[in-house]
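Coordinates as given in protein.txt (compact mmCIF, C-alpha atoms):
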# COMPACT_ATOMS: atom_id res chain seq x y z
CA MET A 1 -20.33 -27.16 55.91
CA ALA A 2 -20.21 -23.62 57.27
CA THR A 3 -20.65 -21.00 54.58
CA GLU A 4 -19.56 -18.05 56.69
CA VAL A 5 -16.23 -17.16 58.23
CA LEU A 6 -16.36 -17.80 61.97
CA ALA A 7 -14.04 -16.78 64.76
CA ASP A 8 -12.52 -19.48 66.93
CA ASP A 9 -14.61 -20.62 69.88
CA ARG A 10 -14.54 -18.21 72.84
CA ALA A 11 -13.24 -20.81 75.31
CA LEU A 12 -10.43 -21.71 72.90
CA ARG A 13 -9.49 -18.06 72.39
CA GLU A 14 -9.50 -17.20 76.07
CA ALA A 15 -7.43 -20.24 77.04
CA ARG A 16 -4.77 -19.39 74.45
CA ARG A 17 -4.66 -15.73 75.44
CA ARG A 18 -4.10 -16.62 79.08
CA ARG A 19 -1.10 -18.70 78.06
CA ALA A 20 0.17 -15.92 75.79
CA LEU A 21 -0.12 -13.34 78.58
CA ALA A 22 1.65 -15.65 81.03
CA ALA A 23 4.47 -16.19 78.53
CA MET A 24 4.77 -12.43 77.92
CA GLU A 25 5.05 -11.81 81.64
CA ALA A 26 7.61 -14.58 82.10
CA HIS A 27 9.74 -13.19 79.25
CA ASP A 28 9.22 -9.54 80.23
CA ILE A 29 7.52 -8.56 76.97
CA ASP A 30 5.12 -5.62 77.09
CA ALA A 31 3.65 -5.94 73.59
CA LEU A 32 3.66 -8.35 70.66
CA LEU A 33 3.88 -7.34 67.00
CA LEU A 34 3.06 -10.52 65.13
CA GLY A 35 3.53 -11.13 61.42
CA ARG A 36 3.16 -14.91 61.23
CA GLU A 37 -0.41 -15.98 60.69
CA ALA A 38 -0.38 -18.91 63.11
CA ASN A 39 0.89 -16.68 65.93
CA ALA A 40 -1.69 -14.02 65.10
CA ARG A 41 -4.49 -16.56 65.16
CA TYR A 42 -3.24 -18.05 68.43
CA VAL A 43 -3.61 -14.66 70.11
CA ALA A 44 -6.62 -13.22 68.26
CA GLY A 45 -8.69 -16.27 67.31
CA ALA A 46 -9.59 -14.71 63.96
CA GLN A 47 -9.50 -16.38 60.55
CA ARG A 48 -7.81 -13.85 58.32
CA LEU A 49 -6.30 -13.77 54.87
CA TRP A 50 -4.61 -16.92 53.58
CA THR A 51 -0.93 -16.04 53.61
CA ALA A 52 0.85 -19.10 52.27
CA GLY A 53 4.34 -18.66 50.91
CA SER A 54 7.17 -16.27 51.62
CA ARG A 55 6.43 -12.61 52.28
CA PRO A 56 8.11 -9.68 54.04
CA PHE A 57 7.37 -8.98 57.68
CA GLY A 58 4.40 -6.83 58.55
CA PRO A 59 2.69 -6.51 61.95
CA GLY A 60 -0.70 -8.09 61.29
CA CYS A 61 -1.60 -8.47 64.96
CA VAL A 62 -0.70 -6.32 67.98
CA PHE A 63 -1.24 -7.52 71.54
CA VAL A 64 -0.62 -5.07 74.41
CA ARG A 65 -0.09 -6.72 77.79
CA ALA A 66 -1.06 -3.69 79.93
CA THR A 67 -4.48 -3.24 78.31
CA GLY A 68 -5.11 -6.79 77.09
CA ALA A 69 -6.26 -5.23 73.80
CA ILE A 70 -5.78 -6.90 70.43
CA HIS A 71 -5.48 -4.94 67.18
CA LEU A 72 -5.59 -6.56 63.76
CA VAL A 73 -4.87 -5.77 60.14
CA SER A 74 -8.03 -6.91 58.39
CA THR A 75 -10.01 -5.86 55.34
CA TRP A 76 -13.35 -6.60 57.04
CA ASP A 77 -14.81 -7.64 60.37
CA GLU A 78 -16.33 -10.95 59.24
CA GLY A 79 -14.78 -13.72 61.33
CA ILE A 80 -13.35 -11.24 63.85
CA PRO A 81 -14.18 -12.19 67.47
CA ASP A 82 -16.78 -9.99 69.13
CA ASP A 83 -14.29 -9.01 71.86
CA ILE A 84 -12.12 -7.23 69.25
CA PRO A 85 -14.01 -4.00 68.44
CA HIS A 86 -14.23 -2.62 64.93
CA GLU A 87 -12.07 0.38 65.84
CA HIS A 88 -9.21 -2.04 66.57
CA LEU A 89 -9.08 -3.11 62.92
CA PHE A 90 -6.78 -1.49 60.39
CA GLY A 91 -7.02 -1.95 56.64
CA ILE A 92 -4.22 -3.33 54.49
CA THR A 93 -1.85 -0.70 53.15
CA TRP A 94 1.39 -0.64 51.19
CA ASN A 95 2.30 2.69 52.76
CA PRO A 96 4.67 2.16 55.71
CA GLY A 97 3.92 5.66 56.97
CA LYS A 98 0.24 4.84 57.38
CA LEU A 99 1.08 1.53 59.01
CA LEU A 100 3.42 3.16 61.52
CA ALA A 101 0.84 5.88 62.19
CA TRP A 102 -1.62 3.14 63.08
CA LEU A 103 0.88 1.52 65.44
CA THR A 104 1.63 4.77 67.24
CA SER A 105 -2.10 5.34 67.78
CA ILE A 106 -2.53 2.08 69.71
CA GLU A 107 -3.11 2.73 73.41
CA GLY A 108 -0.27 1.54 75.60
CA LEU A 109 2.09 0.59 72.78
CA ASP A 110 4.08 3.82 73.15
CA GLN A 111 4.63 2.91 76.83
CA ALA A 112 6.02 -0.54 76.08
CA GLY A 113 9.60 -0.99 77.21
CA ARG A 114 10.09 -4.28 75.37
CA ILE A 115 8.31 -5.08 72.11
CA GLY A 116 8.51 -8.63 70.82
CA THR A 117 8.24 -9.61 67.17
CA ASP A 118 8.10 -13.06 65.58
CA SER A 119 10.16 -11.97 62.55
CA LEU A 120 11.65 -8.72 61.38
CA THR A 121 13.22 -7.22 58.26
CA PRO A 122 16.03 -4.65 58.47
CA ARG A 123 13.78 -1.95 57.02
CA PHE A 124 11.02 -2.54 59.52
CA ALA A 125 13.48 -2.75 62.41
CA THR A 126 14.74 0.71 61.47
CA LEU A 127 11.20 2.11 61.26
CA LEU A 128 10.13 0.63 64.59
CA SER A 129 13.25 1.95 66.31
CA LYS A 130 12.50 5.41 64.92
CA PHE A 131 8.85 5.48 65.97
CA PHE A 132 9.38 3.69 69.32
CA PRO A 133 12.82 4.96 70.38
CA SER A 134 12.42 4.07 74.06
CA ALA A 135 11.48 0.44 73.40
CA ASP A 136 13.80 -2.53 73.04
CA LEU A 137 12.92 -4.81 70.12
CA VAL A 138 13.27 -8.46 71.16
CA ASP A 139 12.66 -11.88 69.66
CA ALA A 140 9.21 -13.05 70.75
CA GLU A 141 9.61 -16.60 69.44
CA PRO A 142 10.83 -18.08 72.77
CA ALA A 143 7.76 -16.68 74.53
CA LEU A 144 5.40 -17.82 71.77
CA GLU A 145 7.01 -21.23 71.66
CA ALA A 146 6.59 -21.56 75.43
CA ALA A 147 2.92 -20.64 75.14
CA ARG A 148 2.13 -22.89 72.20
CA ARG A 149 4.13 -25.99 73.11
CA ILE A 150 1.65 -26.99 75.86
CA LYS A 151 -1.85 -27.46 74.49
CA THR A 152 -4.91 -26.36 76.41
CA ARG A 153 -7.84 -28.74 76.79
CA GLU A 154 -9.68 -26.76 74.13
CA GLU A 155 -6.76 -27.08 71.73
CA VAL A 156 -6.61 -30.84 72.24
CA ASP A 157 -10.32 -31.00 71.37
CA ALA A 158 -9.59 -29.00 68.19
CA ILE A 159 -6.76 -31.38 67.26
CA ARG A 160 -9.04 -34.38 67.85
CA ALA A 161 -11.65 -32.85 65.55
CA SER A 162 -9.04 -32.28 62.83
CA ILE A 163 -7.78 -35.87 63.16
CA SER A 164 -11.36 -37.13 62.82
CA VAL A 165 -11.66 -35.31 59.48
CA ALA A 166 -8.35 -36.78 58.31
CA GLU A 167 -9.28 -40.31 59.33
CA THR A 168 -12.70 -40.17 57.68
CA ALA A 169 -11.13 -38.97 54.43
CA LEU A 170 -8.38 -41.59 54.71
CA GLU A 171 -10.96 -44.35 55.04
CA ALA A 172 -12.75 -43.07 51.94
CA ALA A 173 -9.48 -43.32 49.98
CA ARG A 174 -8.70 -46.75 51.40
CA SER A 175 -12.09 -48.07 50.26
CA GLU A 176 -11.01 -47.33 46.66
CA LEU A 177 -7.76 -49.25 46.93
CA ALA A 178 -7.66 -52.01 44.28
CA PRO A 179 -5.45 -53.16 41.43
CA GLY A 180 -5.44 -50.54 38.69
CA VAL A 181 -6.22 -47.54 40.89
CA SER A 182 -3.93 -44.55 40.47
CA GLU A 183 -2.31 -42.37 43.11
CA ARG A 184 -4.16 -39.39 41.65
CA HIS A 185 -7.54 -41.08 42.04
CA LEU A 186 -6.86 -41.95 45.68
CA ALA A 187 -5.81 -38.36 46.34
CA ALA A 188 -8.94 -37.06 44.62
CA VAL A 189 -11.19 -39.30 46.72
CA PHE A 190 -9.43 -38.09 49.85
CA MET A 191 -9.84 -34.44 48.89
CA GLU A 192 -13.51 -34.89 48.10
CA ALA A 193 -14.19 -36.65 51.41
CA MET A 194 -12.28 -33.92 53.24
CA ALA A 195 -14.28 -31.17 51.50
CA ARG A 196 -17.57 -32.88 52.32
CA GLN A 197 -16.70 -32.36 55.97
CA GLY A 198 -16.23 -28.63 55.43
CA VAL A 199 -12.41 -28.69 55.28
CA THR A 200 -10.64 -27.58 52.10
CA THR A 201 -7.04 -27.23 53.24
CA PRO A 202 -4.78 -30.32 53.15
CA ALA A 203 -1.65 -30.06 55.27
CA ILE A 204 0.48 -32.05 52.81
CA GLN A 205 0.29 -32.47 49.05
CA ARG A 206 1.15 -36.11 48.61
CA VAL A 207 -1.77 -38.10 50.02
CA ALA A 208 -1.16 -41.49 48.38
CA TRP A 209 2.04 -43.04 47.08
CA ILE A 210 3.10 -46.49 46.02
CA SER A 211 6.09 -47.27 48.19
CA SER A 212 7.30 -50.01 45.86
CA ALA A 213 7.36 -47.79 42.75
CA PRO A 214 10.76 -47.08 41.16
CA ARG A 215 12.60 -44.15 42.64
CA GLY A 216 12.69 -40.94 40.65
CA GLN A 217 9.02 -40.92 39.76
CA GLY A 218 7.12 -38.14 41.48
CA PRO A 219 3.51 -38.21 42.71
CA ASP A 220 2.34 -36.48 39.51
CA ALA A 221 3.28 -39.40 37.30
CA ALA A 222 -0.21 -40.97 37.68
CA ARG A 223 1.26 -44.24 38.87
CA VAL A 224 -1.11 -47.18 39.07
CA ALA A 225 -1.13 -49.74 41.88
CA GLN A 226 -0.74 -53.45 41.10
CA CYS A 227 -1.21 -56.59 43.17
CA GLY A 228 1.60 -56.88 45.69
CA ASP A 229 2.23 -53.14 45.90
CA LEU A 230 2.21 -51.34 49.23
CA VAL A 231 0.32 -48.04 49.13
CA VAL A 232 0.95 -45.40 51.76
CA LEU A 233 -2.01 -43.19 52.64
CA GLU A 234 -0.73 -40.12 54.48
CA ALA A 235 -3.67 -37.99 55.58
CA ALA A 236 -3.13 -34.49 56.92
CA VAL A 237 -5.67 -31.67 57.07
CA MET A 238 -5.96 -28.18 58.52
CA ALA A 239 -9.34 -27.84 60.24
CA ALA A 240 -10.05 -24.58 62.06
CA GLY A 241 -6.33 -23.87 61.80
CA TYR A 242 -5.25 -27.05 63.61
CA SER A 243 -3.35 -29.84 61.94
CA GLY A 244 -4.57 -33.42 62.13
CA GLU A 245 -2.37 -36.19 60.74
CA VAL A 246 -2.49 -39.96 60.37
CA GLY A 247 -0.67 -42.42 58.12
CA ARG A 248 -1.34 -46.03 57.18
CA THR A 249 0.05 -48.49 54.63
CA TRP A 250 -2.13 -51.05 52.88
CA PRO A 251 -1.24 -53.89 50.52
CA VAL A 252 -2.97 -54.17 47.16
CA GLY A 253 -4.61 -57.58 46.93
CA GLN A 254 -4.99 -59.54 50.15
CA ASN A 255 -3.91 -62.80 48.49
CA SER A 256 -0.66 -61.25 47.27
CA VAL A 257 0.80 -60.66 50.75
CA ASP A 258 3.83 -62.92 51.11
CA VAL A 259 5.95 -63.84 54.12
CA ALA A 260 8.44 -61.02 53.49
CA THR A 261 5.63 -58.45 53.48
CA LYS A 262 4.16 -59.84 56.70
CA ASP A 263 7.60 -59.62 58.28
CA LEU A 264 7.88 -55.99 57.14
CA TYR A 265 4.56 -55.19 58.79
CA GLY A 266 5.74 -56.85 61.97
CA ARG A 267 8.88 -54.72 62.03
CA ALA A 268 6.82 -51.56 61.46
CA ASP A 269 4.46 -52.48 64.31
CA ASP A 270 7.41 -53.09 66.61
CA LEU A 271 8.99 -49.73 65.72
CA ARG A 272 5.66 -47.97 66.27
CA ARG A 273 5.40 -49.43 69.80
CA HIS A 274 8.91 -48.29 70.68
CA LEU A 275 8.28 -44.79 69.35
CA LEU A 276 5.10 -44.46 71.39
CA ASP A 277 6.89 -45.74 74.47
CA ALA A 278 9.47 -42.96 74.01
CA CYS A 279 6.73 -40.30 74.22
CA ARG A 280 6.81 -39.99 77.99
CA PRO A 281 6.93 -36.80 80.07
CA GLY A 282 10.47 -35.75 80.90
CA ALA A 283 12.00 -37.92 78.19
CA SER A 284 14.46 -36.50 75.69
CA CYS A 285 13.36 -36.48 72.06
CA ALA A 286 16.61 -38.29 71.37
CA GLY A 287 14.73 -41.37 72.54
CA LEU A 288 12.70 -41.23 69.34
CA LEU A 289 15.88 -41.39 67.27
CA ALA A 290 17.11 -44.20 69.51
CA ALA A 291 13.95 -46.22 68.81
CA TYR A 292 15.05 -46.43 65.18
CA GLU A 293 18.68 -47.10 65.96
CA ASP A 294 17.99 -49.74 68.63
CA GLY A 295 15.75 -51.63 66.22
CA GLY A 296 18.31 -51.51 63.45
CA HIS A 297 16.14 -49.29 61.24
CA PRO A 298 17.77 -46.56 59.12
CA LEU A 299 16.46 -43.11 59.93
CA PRO A 300 14.28 -41.75 57.11
CA PRO A 301 15.06 -38.41 55.42
CA PHE A 302 11.84 -36.85 56.72
CA PRO A 303 11.13 -35.88 60.38
CA ILE A 304 10.14 -38.82 62.54
CA ALA A 305 8.25 -36.50 64.91
CA SER A 306 6.81 -33.01 64.70
CA GLY A 307 4.54 -30.87 66.81
CA LEU A 308 0.80 -30.61 66.19
CA GLY A 309 -1.00 -27.34 66.64
CA LEU A 310 -1.70 -24.09 64.84
CA GLY A 311 0.72 -24.24 61.95
CA PHE A 312 4.32 -25.06 62.90
CA ASP A 313 4.92 -26.25 66.47
CA VAL A 314 7.80 -27.89 68.29
CA PRO A 315 9.31 -30.41 68.53
CA VAL A 316 10.84 -31.37 65.18
CA VAL A 317 12.86 -34.57 65.44
CA THR A 318 14.94 -35.52 62.42
CA ARG A 319 18.22 -37.24 61.73
CA GLN A 320 19.69 -33.94 60.53
CA LEU A 321 19.26 -32.34 64.00
CA PRO A 322 20.39 -34.89 66.61
CA ASN A 323 21.63 -32.26 69.07
CA THR A 324 18.34 -30.38 68.93
CA ALA A 325 16.48 -33.63 69.65
CA ALA A 326 18.75 -34.36 72.61
CA GLN A 327 18.05 -30.93 74.13
CA GLU A 328 14.27 -31.07 73.62
CA ARG A 329 12.27 -32.58 76.49
CA LEU A 330 8.71 -33.83 76.27
CA GLU A 331 6.21 -32.29 78.67
CA PRO A 332 2.62 -33.12 79.60
CA GLY A 333 0.31 -31.31 77.21
CA MET A 334 2.56 -31.52 74.15
CA ALA A 335 0.94 -32.95 71.01
CA LEU A 336 2.99 -34.44 68.19
CA THR A 337 2.96 -36.90 65.33
CA VAL A 338 5.38 -39.80 65.29
CA SER A 339 6.26 -41.70 62.12
CA ALA A 340 7.39 -45.31 62.04
CA TYR A 341 8.89 -46.11 58.65
CA VAL A 342 10.62 -49.34 57.69
CA ALA A 343 11.79 -50.46 54.26
CA GLY A 344 12.58 -53.87 52.86
CA GLN A 345 15.46 -54.88 50.63
CA ASP A 346 13.16 -54.66 47.61
CA GLY A 347 12.58 -50.95 48.24
CA ARG A 348 9.04 -51.34 49.52
CA GLY A 349 8.28 -49.42 52.68
CA ILE A 350 5.62 -49.19 55.38
CA LEU A 351 4.65 -45.99 57.15
CA HIS A 352 2.64 -45.77 60.37
CA LYS A 353 1.96 -42.20 61.50
CA GLU A 354 0.26 -41.50 64.82
CA ALA A 355 -0.86 -38.38 66.64
CA VAL A 356 0.14 -38.51 70.29
CA LEU A 357 -0.69 -36.42 73.34
CA VAL A 358 1.92 -36.51 76.11
CA THR A 359 0.13 -36.87 79.45
CA PRO A 360 1.47 -37.12 83.04
CA ASP A 361 0.85 -40.86 82.83
CA GLY A 362 2.44 -41.40 79.45
CA PRO A 363 1.45 -41.20 75.77
CA GLU A 364 -2.19 -41.05 74.71
CA VAL A 365 -2.69 -42.02 71.06
CA LEU A 366 -5.20 -39.68 69.44
CA THR A 367 -5.44 -41.53 66.12
CA SER A 368 -7.67 -44.55 65.73
CA ALA A 369 -7.64 -45.45 62.01
CA PRO A 370 -7.41 -49.23 61.48
CA TYR A 371 -4.25 -51.02 60.40
CA TRP A 372 -3.82 -53.82 57.93
CA SER A 373 -3.41 -57.13 59.74
CA THR A 374 -2.90 -60.70 58.63
The structure in this file should be written as structure tokens.
Amino acid sequence: MATEVLADDRALREARRRRALAAMEAHDIDALLLGREANARYVAGAQRLWTAGSRPFGPGCVFVRATGAIHLVSTWDEGIPDDIPHEHLFGITWNPGKLLAWLTSIEGLDQAGRIGTDSLTPRFATLLSKFFPSADLVDAEPALEAARRIKTREEVDAIRASISVAETALEAARSELAPGVSERHLAAVFMEAMARQGVTTPAIQRVAWISSAPRGQGPDAARVAQCGDLVVLEAAVMAAGYSGEVGRTWPVGQNSVDVATKDLYGRADDLRRHLLDACRPGASCAGLLAAYEDGGHPLPPFPIASGLGLGFDVPVVTRQLPNTAAQERLEPGMALTVSAYVAGQDGRGILHKEAVLVTPDGPEVLTSAPYWST
């Protein structure tokens, strides 16, 4: 486990910056003022303050296209890449006057005709318009989305490494599965195995849940698994900023698996195959919704596909947004998770979650955790 804060690998940083610069040029953006941590890390490659939760907009990272220079708000230079000099760092302040003074001192920013931001509050929009009167403030999200949707080779390697952590921790939890084990214990085993690999940030809270438990009981009820139960292990971690996810469902007690349960597993396997087949370049994401509908499976309330990357990435495919799914097209280089979920009449359900890389030749499954089989 690393005990120091490290910047992202140079090759990873440079590959992402090339994509960011290309997206800025394509969208005619001269400078980026980024407030969202994932966007700032994509450009800068620096691990900065943990900023979970809601907060007002503040430009934590500035990227000027003309100079290629990156400027960061940071309390120290530990974990800052060596190609970002110390004089490009600015300490945290609650004084907007000092913050705007810092922005106006950045070389080339006052010459920018179009400044893109990834979020903006009315107060900050007024201040930026006052201090940069000749610049147009534009939404940078389309450019950032274009840059981030296609993963570089280095990013795919980072995603693979994150998935490896998740799968190792998942296997540790699975080895504890037995009658009488609680959801909390399985989650604790997962967290410990994840931490032993140097990763301390889970991407989701609910690691283990008994799919056959009565509805209305949350994951904090310390439910205990019994023979015949189906336990979903949904592993998701954030390693070096990249999300790795995998999901498997295991029965409790091999001798308690009846014909109905075997049939449920068969339906889940069939749905998984159809979902993976829909992950082809040029295909509409509506094909993922169709995989459920064609198999006669009700769509679950959670997304059946979502992008993998630094924080939130596209696509997000859910029953609540069918038009968005129809408009979204898969391209080579996109990485996403797909979730196959089927439920029986008794309320028990099976979840298979896979990480998939869309390649020119079709889907490449990045996850390799074993499944339960008869």
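Here the question is which of A:Ser256, A:Gln197, A:Ser339, A:Thr152 gets nearest to Glu167 (chain A) using all atoms listed in the file, and that residue is A:Gln197.
The two atoms in question, CA of Ala208 (chain A) and CA of Glu234 (chain A), are spaced 6.3 Å apart.
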- Message: Taking all atoms listed in the file into account, name the residue in A:Glu192, A:Asp83, A:Asp269, A:Glu4 that is nearest to Ala340 (chain A).
- Response: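 Among A:Glu192, A:Asp83, A:Asp269, A:Glu4, it is A:Asp269 that comes nearest to Ala340 (chain A).
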First collect every listed atom of region 357-371 of chain A; then fit an axis-aligned box around them, widen it by 5 Å on each side, and give centre and edge lengths in Å to one decimal, as JSON.
{"center_x": -2.6, "center_y": -43.7, "center_z": 71.7, "size_x": 20.1, "size_y": 24.6, "size_z": 32.6}
- Task: Give me the residues within 12 Å of Glu141 (chain A) as number ranges by chain, counting only C-alpha atoms and dropping any in the same chain fewer than 2 places off.
- Result: A: 20, 23-24, 27, 29, 32-36, 39, 115-120, 138-139, 143-149, 312-314
- Item | Selected residue, from A:Ala343, A:Ala188, A:Cys285, A:Ala69, that lies nearest to Val317 (chain A) when counting all atoms listed in the file |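 That would be A:Cys285, the residue with the smallest distance to Val317 (chain A).
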Residue contacts of Glu245 (chain A) (6 Å, only C-alpha atoms) excluding same-chain residues fewer than 2 positions away, as a CSV table (one decimal) with C-alpha atoms, in the frame of the given file:
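Wrote selection.csv, looks like this:
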chain,number,residue,atom,x,y,z
A,163,ILE,CA,-7.8,-35.9,63.2
A,235,ALA,CA,-3.7,-38.0,55.6
A,236,ALA,CA,-3.1,-34.5,56.9
- Message: Please list as a ChimeraX atom specification every residue within 10 Å of region 95-105 of chain A, counting only C-alpha atoms and excluding residues in the same chain fewer than 4 positions away.
- Response: /A:33,58-59,62,71,73,88-91,109-110,124,127-128,130-132
So that I have them on file, write out the residues from the current selection with C-alpha atoms, as a compact mmCIF listing (two decimals), keeping the file's coordinate frame.
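Output file result-v3.txt follows:
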# COMPACT_ATOMS: atom_id res chain seq x y z
CA LEU A 33 3.88 -7.34 67.00
CA GLY A 58 4.40 -6.83 58.55
CA PRO A 59 2.69 -6.51 61.95
CA VAL A 62 -0.70 -6.32 67.98
CA HIS A 71 -5.48 -4.94 67.18
CA VAL A 73 -4.87 -5.77 60.14
CA HIS A 88 -9.21 -2.04 66.57
CA LEU A 89 -9.08 -3.11 62.92
CA PHE A 90 -6.78 -1.49 60.39
CA GLY A 91 -7.02 -1.95 56.64
CA LEU A 109 2.09 0.59 72.78
CA ASP A 110 4.08 3.82 73.15
CA PHE A 124 11.02 -2.54 59.52
CA LEU A 127 11.20 2.11 61.26
CA LEU A 128 10.13 0.63 64.59
CA LYS A 130 12.50 5.41 64.92
CA PHE A 131 8.85 5.48 65.97
CA PHE A 132 9.38 3.69 69.32
- Leaving out Asn323 (chain A) and any residue of its chain fewer than 3 positions from it, which residues lie within 12 Å of it when counting only C-alpha atoms, given as a ChimeraX atom specification? /A:284-287,289,316-320,326-329
- Message: From the options A:Ala46, A:Leu230, A:Ala305, A:Val5, which residue's atoms come nearest to Asp258 (chain A), counting only C-alpha atoms?
- Response: A:Leu230
- Item | From A:Ala239, A:Ala291, A:Leu351, A:Ala15, residue lying nearest Ala161 (chain A) [only C-alpha atoms] |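 Result for the nearest residue to Ala161 (chain A): A:Ala239.
Between CA of Ala66 (chain A) and CA of Glu154 (chain A) lies a distance of 25.3 Å.
Residue nearest Asp270 (chain A), chosen from A:Leu6, A:Val342, A:Met334, A:Leu310 and counting all atoms listed in the file: A:Val342.
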Report as CSV: every residue of region 201-273 of chain A with an atom at most 9 Å from region 357-371 of chain A, its closest pair of atoms, and their distance in Å to one decimal, counting all atoms listed in the file, with rows sorted by chain and ascending residue number.
residue,atom,partner,partner_atom,distance
A:Glu245,CA,A:Thr367,CA,8.2
A:Val246,CA,A:Thr367,CA,6.7
A:Gly247,CA,A:Ala369,CA,8.5
A:Arg248,CA,A:Tyr371,CA,6.6
A:Thr249,CA,A:Tyr371,CA,7.6
A:Trp250,CA,A:Tyr371,CA,7.8
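Picture a line from CA of Leu72 (chain A) to CA of Ala335 (chain A); it runs 28.1 Å.
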- Message: Applying 10 Å and only C-alpha atoms, which residues near Pro202 (chain A) remain after dropping the ones on its own chain fewer than 5 positions away? List them as a ChimeraX atom specification.
- Response: /A:166,190-191,194-195,207,235-239,243-245
Reconstruct region 256-268 of chain A at the level of N, CA and C atoms, and format the result as a PDB file, keeping the file's coordinate frame.
ATOM      1  N   SER A 256      -2.018 -61.430  47.787  1.00  0.00           N
ATOM      2  CA  SER A 256      -0.660 -61.250  47.270  1.00  0.00           C
ATOM      3  C   SER A 256       0.349 -60.943  48.375  1.00  0.00           C
ATOM      4  N   VAL A 257      -0.079 -60.987  49.639  1.00  0.00           N
ATOM      5  CA  VAL A 257       0.800 -60.660  50.750  1.00  0.00           C
ATOM      6  C   VAL A 257       1.644 -61.881  51.100  1.00  0.00           C
ATOM      7  N   ASP A 258       2.945 -61.787  50.863  1.00  0.00           N
ATOM      8  CA  ASP A 258       3.830 -62.920  51.110  1.00  0.00           C
ATOM      9  C   ASP A 258       4.461 -62.827  52.492  1.00  0.00           C
ATOM     10  N   VAL A 259       5.308 -63.774  52.804  1.00  0.00           N
ATOM     11  CA  VAL A 259       5.950 -63.840  54.120  1.00  0.00           C
ATOM     12  C   VAL A 259       6.828 -62.623  54.362  1.00  0.00           C
ATOM     13  N   ALA A 260       7.556 -62.181  53.336  1.00  0.00           N
ATOM     14  CA  ALA A 260       8.440 -61.020  53.490  1.00  0.00           C
ATOM     15  C   ALA A 260       7.637 -59.761  53.826  1.00  0.00           C
ATOM     16  N   THR A 261       6.467 -59.623  53.201  1.00  0.00           N
ATOM     17  CA  THR A 261       5.630 -58.450  53.480  1.00  0.00           C
ATOM     18  C   THR A 261       5.085 -58.510  54.898  1.00  0.00           C
ATOM     19  N   LYS A 262       4.649 -59.694  55.330  1.00  0.00           N
ATOM     20  CA  LYS A 262       4.160 -59.840  56.700  1.00  0.00           C
ATOM     21  C   LYS A 262       5.259 -59.521  57.710  1.00  0.00           C
ATOM     22  N   ASP A 263       6.476 -59.926  57.396  1.00  0.00           N
ATOM     23  CA  ASP A 263       7.600 -59.620  58.280  1.00  0.00           C
ATOM     24  C   ASP A 263       7.849 -58.113  58.331  1.00  0.00           C
ATOM     25  N   LEU A 264       7.697 -57.445  57.187  1.00  0.00           N
ATOM     26  CA  LEU A 264       7.880 -55.990  57.140  1.00  0.00           C
ATOM     27  C   LEU A 264       6.837 -55.291  58.001  1.00  0.00           C
ATOM     28  N   TYR A 265       5.601 -55.760  57.935  1.00  0.00           N
ATOM     29  CA  TYR A 265       4.560 -55.190  58.790  1.00  0.00           C
ATOM     30  C   TYR A 265       4.864 -55.413  60.264  1.00  0.00           C
ATOM     31  N   GLY A 266       5.378 -56.569  60.583  1.00  0.00           N
ATOM     32  CA  GLY A 266       5.740 -56.850  61.970  1.00  0.00           C
ATOM     33  C   GLY A 266       6.825 -55.920  62.480  1.00  0.00           C
ATOM     34  N   ARG A 267       7.816 -55.642  61.638  1.00  0.00           N
ATOM     35  CA  ARG A 267       8.880 -54.720  62.030  1.00  0.00           C
ATOM     36  C   ARG A 267       8.348 -53.299  62.219  1.00  0.00           C
ATOM     37  N   ALA A 268       7.412 -52.893  61.342  1.00  0.00           N
ATOM     38  CA  ALA A 268       6.820 -51.560  61.460  1.00  0.00           C
ATOM     39  C   ALA A 268       5.998 -51.443  62.743  1.00  0.00           C
TER      40      ALA A 268
END
